[in-house]
Amino acid sequence: MIKTLLKSVREYKRDSILAPIFISAEVVVECIIPFITAKLVTEIQAYCDIRTIVNYGLVLILLAIISLACGALAGHFAAIASCGFAKNLRRDIYSAVQGFSFSNIDKFSTSGLVTRLTTDISNVQMSYMMIIRTAIRCPFMIIFAFIMAIITSPKMSIAFAVIIPALAIGLFLIITRAHPIFKTVFKKYDNLNNSVQENISGMRVVKSYVREEHEKKKFAVASDDVCQGFTKAEKLLALNSPLMQFCFNFNMIMICLFGSMLVVNSGGSELNVPQMSALLTYGAQILMSLMLVSMIIVMISMSLASANRICEVLNETSSIKNPEHPVTEVKDGSIIFKNVNFRYNAESKKDSLSDIDLFIASGETVGVIGGTGSGKTSLIQLISRLYDVNEGSVQVGGVDVREYDLEALRNQVAVVLQKNVLFSGTIKENLRWGDPNATDEDMIKICKLAQADEFINTLPNGYDTYIEQGGSNVSGGQKQRLCIARALLKKPKILILDDSTSAVDTKTDALIRRAFAEEIPDTTKIIIAQRISSVEHADKIIVMNGGRIESIGTHEELLKASPIYREVYDSQNKGGDEE
């Protein structure tokens, strides 16, 4: 885990090293100051001259300035290192997610990934800053203060040797019981974020069904669950403070009691008053450092769960990778499925697709019909290698898709989903996802093809109209037409419409299909639809049922040969015929 996380330090290694160096210097100086102060008091008791006092005073002032400078520089470099580390960590997680296949993404919920990118990284960032600053300072302070205590009085330093192990054992017992609780709580945090995300994204549905109170109760349950988990952990960690206070006060009492006895009995030969004062200072430094260590351990205990969750994402290996020597050019839009079997989960007993053998010539228009769960979407996801087949092969342009460079393949396969997404920004900015270098003329031409130009020109700012998050300020049909235009700007060899005209009227649907036939005849077009009218003029139609190809043929052939196709056709045309 540590090795994985340290890879994100990168250009901030220098700052991560300088912070502990300056902290160490600050600690050494702070430990020397009480020793010099004790010497000064001893000299004063011996009735030294003013010059001696001034010299000691100047040394102490110089040491204080050095300590201040070292502390400030340590804080400066620690802040740079921790913030930079968090920045790189966010970037690395985001980059890792972008490289995941769909099967990898299926392992992590959206809310879980958001929590990792926000709360978990904030916890790790705080721990990292404490490690390179406070966690270095405290052990150094304990070691140097203990050494100075031994130099001052070997007998009295035994008190520190007894109390430190006792305190360490107590802290260890607290932390080992708190860590598993934090690990569980962060999973509950995912559920809480998931509840928020679902509610906000589905706000229109919530309000239309008047389910606000239900959602409030659902959120309250998730929130209470997180609260109870944190409360349980905090109750354990709360024992840390009284334990520290007890050890601190006990140690001070022991030093005062036995130190006073030693001063009186030895007549100041083994321990004098200034030295006992220095011992009290060293005791305070040691115990305050131990208190800070306990706080660090608490923070690290909390962040360990976060660090493990972050490493889960960083160590996840994409199930789909580029081959060693990838093919970078897609010859044409022909598609061949050979004995394809596919399942989403390796542990699943049932295939999502079985015994698929299919040939689609380049430039053909192919319709795909089938009921819910028949495998239509699964079929087209294999073409752009969003998933890999379990058995058999899928070829595009005569080459197995697993031999292509992923970017080259996906640039030539444009997919328009039923629930496609528009991003915050202008219409032009959204369209340029298809082609970053597209001119205004290119966009207007493509939007006319997708039957989007007409409604765009009715908007207040035309192509410069701002699209709200998720496309909430345009209708479903307008959103689908913009997504089709965006896909067409890629100039793909294969265009897949996954029920992406379901929200447009039949007239607009017909105009889009006619424009495709006339304007992009060389592009292979695969149209998944629920309406027979959307596919009846296709070169061939594939009927899917239960993950298998039930029939393939033209509209007329399937009306005669396919019971499923005929049933769908009759159900959609019955009302019109009766009227």
# chains A, B, ... in the order shown; residues from 1 in each chain; ligands from 1
$ residues_around --residues "Asp400 in chain A" --least-positions-apart "2" --cutoff "10 Å" --atoms "only C-alpha atoms" --output "list in words"
Val327, Ile335, Ile336, Phe337, Ile383, Ser393, Val394, Gln395, Val396, Gly397, Gly398, Arg402, Glu403 and Tyr404 of chain A
$ write_last_selection --atoms "N, CA and C atoms" --output "mmCIF file, in the first residue's frame"
data_model
loop_
_atom_site.group_PDB
_atom_site.id
_atom_site.type_symbol
_atom_site.label_atom_id
_atom_site.label_comp_id
_atom_site.auth_asym_id
_atom_site.auth_seq_id
_atom_site.Cartn_x
_atom_site.Cartn_y
_atom_site.Cartn_z
ATOM 1 N N VAL A 327 -2.774 -2.821 -34.183
ATOM 2 C CA VAL A 327 -3.144 -2.322 -35.510
ATOM 3 C C VAL A 327 -3.749 -0.942 -35.312
ATOM 4 N N ILE A 335 -18.176 -6.062 -40.194
ATOM 5 C CA ILE A 335 -18.199 -6.656 -38.850
ATOM 6 C C ILE A 335 -18.497 -8.147 -38.958
ATOM 7 N N ILE A 336 -17.700 -8.956 -38.254
ATOM 8 C CA ILE A 336 -17.910 -10.409 -38.257
ATOM 9 C C ILE A 336 -17.893 -10.921 -36.819
ATOM 10 N N PHE A 337 -18.937 -11.608 -36.431
ATOM 11 C CA PHE A 337 -18.975 -12.333 -35.156
ATOM 12 C C PHE A 337 -18.780 -13.810 -35.459
ATOM 13 N N ILE A 383 -18.401 -4.643 -30.225
ATOM 14 C CA ILE A 383 -17.822 -4.117 -31.470
ATOM 15 C C ILE A 383 -16.729 -3.096 -31.174
ATOM 16 N N SER A 393 -14.662 -14.706 -31.502
ATOM 17 C CA SER A 393 -13.989 -13.455 -31.860
ATOM 18 C C SER A 393 -14.950 -12.501 -32.547
ATOM 19 N N VAL A 394 -14.612 -11.207 -32.426
ATOM 20 C CA VAL A 394 -15.329 -10.147 -33.139
ATOM 21 C C VAL A 394 -14.316 -9.429 -34.014
ATOM 22 N N GLN A 395 -14.610 -9.338 -35.292
ATOM 23 C CA GLN A 395 -13.695 -8.695 -36.236
ATOM 24 C C GLN A 395 -14.328 -7.429 -36.798
ATOM 25 N N VAL A 396 -13.507 -6.389 -36.912
ATOM 26 C CA VAL A 396 -13.910 -5.149 -37.573
ATOM 27 C C VAL A 396 -12.889 -4.860 -38.657
ATOM 28 N N GLY A 397 -13.353 -4.669 -39.868
ATOM 29 C CA GLY A 397 -12.427 -4.443 -40.978
ATOM 30 C C GLY A 397 -11.519 -5.629 -41.221
ATOM 31 N N GLY A 398 -12.005 -6.847 -40.903
ATOM 32 C CA GLY A 398 -11.230 -8.063 -41.129
ATOM 33 C C GLY A 398 -10.183 -8.348 -40.067
ATOM 34 N N ARG A 402 -9.378 -7.289 -30.679
ATOM 35 C CA ARG A 402 -8.359 -7.362 -29.638
ATOM 36 C C ARG A 402 -6.964 -7.054 -30.169
ATOM 37 N N GLU A 403 -6.829 -6.973 -31.492
ATOM 38 C CA GLU A 403 -5.535 -6.650 -32.100
ATOM 39 C C GLU A 403 -5.392 -5.165 -32.410
ATOM 40 N N TYR A 404 -6.478 -4.398 -32.256
ATOM 41 C CA TYR A 404 -6.440 -2.968 -32.569
ATOM 42 C C TYR A 404 -5.921 -2.143 -31.395
#
$ closest_atom_pairs --of "range 468-513 of chain A" --to "range 452-457 of chain A" --cutoff "9 Å" --atoms "only C-alpha atoms" --output "tab-separated table"
residue	atom	partner	partner_atom	distance
A:Gln478	CA	A:Ala452	CA	6.9
A:Arg481	CA	A:Ala452	CA	5.6
A:Leu482	CA	A:Ala452	CA	6.3
A:Ile484	CA	A:Ala452	CA	9.0
A:Ala485	CA	A:Ala452	CA	7.6
$ closest_residue --among "A:Val330, A:Ala450, A:Val9, A:Pro20" --to "Thr508 in chain A" --atoms "only C-alpha atoms"
A:Ala450
$ residues_around --residues "Gln125 in chain A" --least-positions-apart "3" --cutoff "12 Å" --atoms "only C-alpha atoms" --output "PyMOL selection string"
chain A and resi 5-6+8-9+78-90+117-122+128-132+299-300+302-304+306-307+310
$ write_last_selection --atoms "C-alpha atoms" --output "PDB file, in the first residue's frame"
ATOM      1  CA  LEU A   5       0.825   5.642  -2.616  1.00  0.00           C
ATOM      2  CA  LEU A   6       4.414   6.897  -2.746  1.00  0.00           C
ATOM      3  CA  SER A   8       2.093   9.789  -6.423  1.00  0.00           C
ATOM      4  CA  VAL A   9       4.703  11.891  -4.585  1.00  0.00           C
ATOM      5  CA  ALA A  78       5.197  20.107   4.374  1.00  0.00           C
ATOM      6  CA  ALA A  79       2.230  22.107   3.007  1.00  0.00           C
ATOM      7  CA  ILE A  80       3.632  22.027  -0.543  1.00  0.00           C
ATOM      8  CA  ALA A  81       4.403  18.301  -0.336  1.00  0.00           C
ATOM      9  CA  SER A  82       1.043  17.235   1.121  1.00  0.00           C
ATOM     10  CA  CYS A  83      -1.089  19.352  -1.234  1.00  0.00           C
ATOM     11  CA  GLY A  84       0.980  18.241  -4.234  1.00  0.00           C
ATOM     12  CA  PHE A  85       0.729  14.615  -3.149  1.00  0.00           C
ATOM     13  CA  ALA A  86      -3.073  14.913  -2.904  1.00  0.00           C
ATOM     14  CA  LYS A  87      -3.228  16.578  -6.324  1.00  0.00           C
ATOM     15  CA  ASN A  88      -1.215  13.771  -7.923  1.00  0.00           C
ATOM     16  CA  LEU A  89      -3.265  11.157  -6.098  1.00  0.00           C
ATOM     17  CA  ARG A  90      -6.532  12.595  -7.456  1.00  0.00           C
ATOM     18  CA  LEU A 117     -11.598  11.117  -4.850  1.00  0.00           C
ATOM     19  CA  THR A 118     -12.798  13.441  -2.080  1.00  0.00           C
ATOM     20  CA  THR A 119     -13.055  12.242   1.530  1.00  0.00           C
ATOM     21  CA  ASP A 120     -10.504   9.430   1.278  1.00  0.00           C
ATOM     22  CA  ILE A 121      -7.847  11.573  -0.402  1.00  0.00           C
ATOM     23  CA  SER A 122      -8.408  14.385   2.129  1.00  0.00           C
ATOM     24  CA  TYR A 128       0.843  12.534   4.886  1.00  0.00           C
ATOM     25  CA  MET A 129       1.385  16.078   6.144  1.00  0.00           C
ATOM     26  CA  MET A 130       1.405  14.852   9.735  1.00  0.00           C
ATOM     27  CA  ILE A 131       3.827  12.037   8.848  1.00  0.00           C
ATOM     28  CA  ILE A 132       6.440  14.223   7.146  1.00  0.00           C
ATOM     29  CA  MET A 299      -5.444  10.098  12.136  1.00  0.00           C
ATOM     30  CA  ILE A 300      -3.405   7.395  10.449  1.00  0.00           C
ATOM     31  CA  MET A 302      -8.662   6.597  10.131  1.00  0.00           C
ATOM     32  CA  SER A 303      -6.752   7.185   6.912  1.00  0.00           C
ATOM     33  CA  LEU A 304      -5.566   3.574   6.635  1.00  0.00           C
ATOM     34  CA  SER A 306      -9.059   5.444   3.110  1.00  0.00           C
ATOM     35  CA  ALA A 307      -5.596   4.474   1.840  1.00  0.00           C
ATOM     36  CA  ILE A 310      -7.562   4.347  -2.810  1.00  0.00           C
TER      37      ILE A 310
END
$ closest_residue --among "A:Phe102, A:Tyr282, A:Phe77, A:Phe248" --to "Ala149 in chain A" --atoms "only C-alpha atoms"
A:Tyr282
$ closest_residue --among "A:Val368, A:Tyr463, A:Leu382, A:Ile105" --to "Gly553 in chain A" --atoms "only C-alpha atoms"
A:Val368
$ closest_residue --among "A:Ile150, A:Met261, A:Ile320, A:Ile526" --to "Ser362 in chain A" --atoms "only C-alpha atoms"
A:Ile526
$ atom_distance --atom1 "CA of Asn390 in chain A" --atom2 "CA of Phe342 in chain A"
5.0 Å
$ select_by_dssp --residues "range 309-525 of chain A" --states "helix (DSSP H, G or I)" --output "PyMOL selection string"
chain A and resi 309-314+376-381+401-403+406-411+427-431+440-449+453-456+462-464+469-471+476-488+506-519
$ residues_around --residues "Thr372 in chain A" --least-positions-apart "6" --cutoff "10 Å" --atoms "only C-alpha atoms" --output "list in words"
Gln530, Met544, Asn545 and Gly546 of chain A
$ select_by_dssp --residues "range 411-566 of chain A" --states "strand (DSSP E or B)" --output "PyMOL selection string"
chain A and resi 413-417+425-426+466-467+494-498+524-528+540-545+548-553
$ write_last_selection --atoms "N, CA and C atoms" --output "PDB file, in the first residue's frame"
ATOM      1  N   VAL A 413     -15.645   3.810 -34.333  1.00  0.00           N
ATOM      2  CA  VAL A 413     -16.939   3.247 -33.942  1.00  0.00           C
ATOM      3  C   VAL A 413     -17.631   4.275 -33.045  1.00  0.00           C
ATOM      4  N   ALA A 414     -18.667   4.915 -33.580  1.00  0.00           N
ATOM      5  CA  ALA A 414     -19.411   5.913 -32.805  1.00  0.00           C
ATOM      6  C   ALA A 414     -20.690   5.284 -32.279  1.00  0.00           C
ATOM      7  N   VAL A 415     -20.924   5.436 -30.990  1.00  0.00           N
ATOM      8  CA  VAL A 415     -22.106   4.849 -30.352  1.00  0.00           C
ATOM      9  C   VAL A 415     -22.962   5.965 -29.772  1.00  0.00           C
ATOM     10  N   VAL A 416     -24.248   5.967 -30.125  1.00  0.00           N
ATOM     11  CA  VAL A 416     -25.204   6.911 -29.564  1.00  0.00           C
ATOM     12  C   VAL A 416     -26.190   6.110 -28.729  1.00  0.00           C
ATOM     13  N   LEU A 417     -26.163   6.331 -27.412  1.00  0.00           N
ATOM     14  CA  LEU A 417     -27.014   5.558 -26.508  1.00  0.00           C
ATOM     15  C   LEU A 417     -28.380   6.229 -26.334  1.00  0.00           C
ATOM     16  N   GLY A 425     -21.626  23.135 -20.780  1.00  0.00           N
ATOM     17  CA  GLY A 425     -20.894  23.884 -21.799  1.00  0.00           C
ATOM     18  C   GLY A 425     -21.832  24.255 -22.936  1.00  0.00           C
ATOM     19  N   THR A 426     -21.324  24.948 -23.921  1.00  0.00           N
ATOM     20  CA  THR A 426     -22.158  25.341 -25.061  1.00  0.00           C
ATOM     21  C   THR A 426     -22.425  24.148 -25.966  1.00  0.00           C
ATOM     22  N   TYR A 466     -25.838  27.708 -23.831  1.00  0.00           N
ATOM     23  CA  TYR A 466     -25.188  26.926 -22.773  1.00  0.00           C
ATOM     24  C   TYR A 466     -26.074  25.752 -22.373  1.00  0.00           C
ATOM     25  N   ILE A 467     -25.479  24.559 -22.365  1.00  0.00           N
ATOM     26  CA  ILE A 467     -26.179  23.350 -21.943  1.00  0.00           C
ATOM     27  C   ILE A 467     -25.889  23.121 -20.462  1.00  0.00           C
ATOM     28  N   ILE A 494     -18.213   3.016 -38.493  1.00  0.00           N
ATOM     29  CA  ILE A 494     -19.362   2.288 -37.950  1.00  0.00           C
ATOM     30  C   ILE A 494     -20.122   3.237 -37.034  1.00  0.00           C
ATOM     31  N   LEU A 495     -21.442   3.370 -37.277  1.00  0.00           N
ATOM     32  CA  LEU A 495     -22.301   4.201 -36.446  1.00  0.00           C
ATOM     33  C   LEU A 495     -23.354   3.303 -35.801  1.00  0.00           C
ATOM     34  N   ILE A 496     -23.409   3.323 -34.476  1.00  0.00           N
ATOM     35  CA  ILE A 496     -24.355   2.485 -33.732  1.00  0.00           C
ATOM     36  C   ILE A 496     -25.339   3.391 -33.001  1.00  0.00           C
ATOM     37  N   LEU A 497     -26.630   3.197 -33.280  1.00  0.00           N
ATOM     38  CA  LEU A 497     -27.686   3.938 -32.600  1.00  0.00           C
ATOM     39  C   LEU A 497     -28.426   2.970 -31.692  1.00  0.00           C
ATOM     40  N   ASP A 498     -28.159   3.060 -30.392  1.00  0.00           N
ATOM     41  CA  ASP A 498     -28.770   2.139 -29.430  1.00  0.00           C
ATOM     42  C   ASP A 498     -30.067   2.753 -28.899  1.00  0.00           C
ATOM     43  N   THR A 524     -21.130   1.973 -41.976  1.00  0.00           N
ATOM     44  CA  THR A 524     -21.974   0.873 -41.496  1.00  0.00           C
ATOM     45  C   THR A 524     -22.861   1.405 -40.373  1.00  0.00           C
ATOM     46  N   LYS A 525     -24.151   1.199 -40.514  1.00  0.00           N
ATOM     47  CA  LYS A 525     -25.101   1.757 -39.542  1.00  0.00           C
ATOM     48  C   LYS A 525     -25.862   0.607 -38.873  1.00  0.00           C
ATOM     49  N   ILE A 526     -25.758   0.560 -37.547  1.00  0.00           N
ATOM     50  CA  ILE A 526     -26.481  -0.448 -36.763  1.00  0.00           C
ATOM     51  C   ILE A 526     -27.493   0.289 -35.900  1.00  0.00           C
ATOM     52  N   ILE A 527     -28.775  -0.024 -36.113  1.00  0.00           N
ATOM     53  CA  ILE A 527     -29.850   0.688 -35.423  1.00  0.00           C
ATOM     54  C   ILE A 527     -30.601  -0.281 -34.515  1.00  0.00           C
ATOM     55  N   ILE A 528     -30.426  -0.088 -33.214  1.00  0.00           N
ATOM     56  CA  ILE A 528     -31.206  -0.851 -32.238  1.00  0.00           C
ATOM     57  C   ILE A 528     -32.467  -0.049 -31.941  1.00  0.00           C
ATOM     58  N   LYS A 540     -30.777  -5.452 -43.622  1.00  0.00           N
ATOM     59  CA  LYS A 540     -31.194  -6.671 -42.940  1.00  0.00           C
ATOM     60  C   LYS A 540     -31.491  -6.356 -41.488  1.00  0.00           C
ATOM     61  N   ILE A 541     -32.310  -7.193 -40.904  1.00  0.00           N
ATOM     62  CA  ILE A 541     -32.752  -6.984 -39.526  1.00  0.00           C
ATOM     63  C   ILE A 541     -32.412  -8.225 -38.718  1.00  0.00           C
ATOM     64  N   ILE A 542     -31.826  -7.996 -37.535  1.00  0.00           N
ATOM     65  CA  ILE A 542     -31.461  -9.095 -36.643  1.00  0.00           C
ATOM     66  C   ILE A 542     -32.481  -9.136 -35.508  1.00  0.00           C
ATOM     67  N   VAL A 543     -33.066 -10.291 -35.275  1.00  0.00           N
ATOM     68  CA  VAL A 543     -34.021 -10.466 -34.187  1.00  0.00           C
ATOM     69  C   VAL A 543     -33.318 -11.230 -33.064  1.00  0.00           C
ATOM     70  N   MET A 544     -33.199 -10.575 -31.898  1.00  0.00           N
ATOM     71  CA  MET A 544     -32.527 -11.179 -30.750  1.00  0.00           C
ATOM     72  C   MET A 544     -33.556 -11.733 -29.764  1.00  0.00           C
ATOM     73  N   ASN A 545     -33.203 -12.849 -29.151  1.00  0.00           N
ATOM     74  CA  ASN A 545     -34.081 -13.449 -28.146  1.00  0.00           C
ATOM     75  C   ASN A 545     -33.249 -14.297 -27.186  1.00  0.00           C
ATOM     76  N   ARG A 548     -29.519 -14.862 -27.998  1.00  0.00           N
ATOM     77  CA  ARG A 548     -29.210 -15.558 -29.260  1.00  0.00           C
ATOM     78  C   ARG A 548     -29.852 -14.829 -30.431  1.00  0.00           C
ATOM     79  N   ILE A 549     -29.325 -15.094 -31.628  1.00  0.00           N
ATOM     80  CA  ILE A 549     -29.946 -14.546 -32.837  1.00  0.00           C
ATOM     81  C   ILE A 549     -31.069 -15.498 -33.257  1.00  0.00           C
ATOM     82  N   GLU A 550     -32.278 -14.990 -33.157  1.00  0.00           N
ATOM     83  CA  GLU A 550     -33.429 -15.831 -33.500  1.00  0.00           C
ATOM     84  C   GLU A 550     -33.618 -15.911 -35.014  1.00  0.00           C
ATOM     85  N   SER A 551     -33.495 -14.749 -35.688  1.00  0.00           N
ATOM     86  CA  SER A 551     -33.668 -14.708 -37.146  1.00  0.00           C
ATOM     87  C   SER A 551     -32.901 -13.522 -37.713  1.00  0.00           C
ATOM     88  N   ILE A 552     -32.535 -13.628 -39.000  1.00  0.00           N
ATOM     89  CA  ILE A 552     -31.918 -12.524 -39.735  1.00  0.00           C
ATOM     90  C   ILE A 552     -32.594 -12.457 -41.104  1.00  0.00           C
ATOM     91  N   GLY A 553     -32.945 -11.270 -41.539  1.00  0.00           N
ATOM     92  CA  GLY A 553     -33.552 -11.134 -42.859  1.00  0.00           C
ATOM     93  C   GLY A 553     -34.063  -9.729 -43.084  1.00  0.00           C
TER      94      GLY A 553
END
$ closest_atom_pairs --of "range 387-424 of chain A" --to "range 346-353 of chain A" --cutoff "12 Å" --atoms "only C-alpha atoms" --output "tab-separated table"
residue	atom	partner	partner_atom	distance
A:Tyr387	CA	A:Ser352	CA	11.9
A:Asp388	CA	A:Ala346	CA	11.5
A:Val389	CA	A:Leu353	CA	9.2
A:Asn390	CA	A:Ala346	CA	8.6
A:Glu391	CA	A:Leu353	CA	10.2
A:Gly392	CA	A:Leu353	CA	11.2
$ residues_around --residues "Leu243 in chain A" --least-positions-apart "3" --cutoff "10 Å" --atoms "only C-alpha atoms" --output "list in words"
Leu167, Gly170, Leu171, Ala238, Leu239, Asn240, Phe246, Cys247, Phe248 and Met291 of chain A
$ closest_residue --among "A:Val29, A:Ala538, A:Ala487, A:Leu358" --to "Val421 in chain A" --atoms "only C-alpha atoms"
A:Ala487
$ residues_around --residues "Val273 in chain A" --least-positions-apart "2" --cutoff "10 Å" --atoms "only C-alpha atoms" --output "PyMOL selection string"
chain A and resi 38+41-42+259-260+263-264+268+271+275-279
$ atom_distance --atom1 "CA of Cys483 in chain A" --atom2 "CA of Ser500 in chain A"
8.6 Å
$ residues_around --residues "Leu236 in chain A" --least-positions-apart "2" --cutoff "9 Å" --atoms "only C-alpha atoms" --output "list in words"
Ile174, Ile175, Arg177, Ala178, Thr231, Lys232, Ala233, Glu234, Ala238, Leu239 and Asn240 of chain A
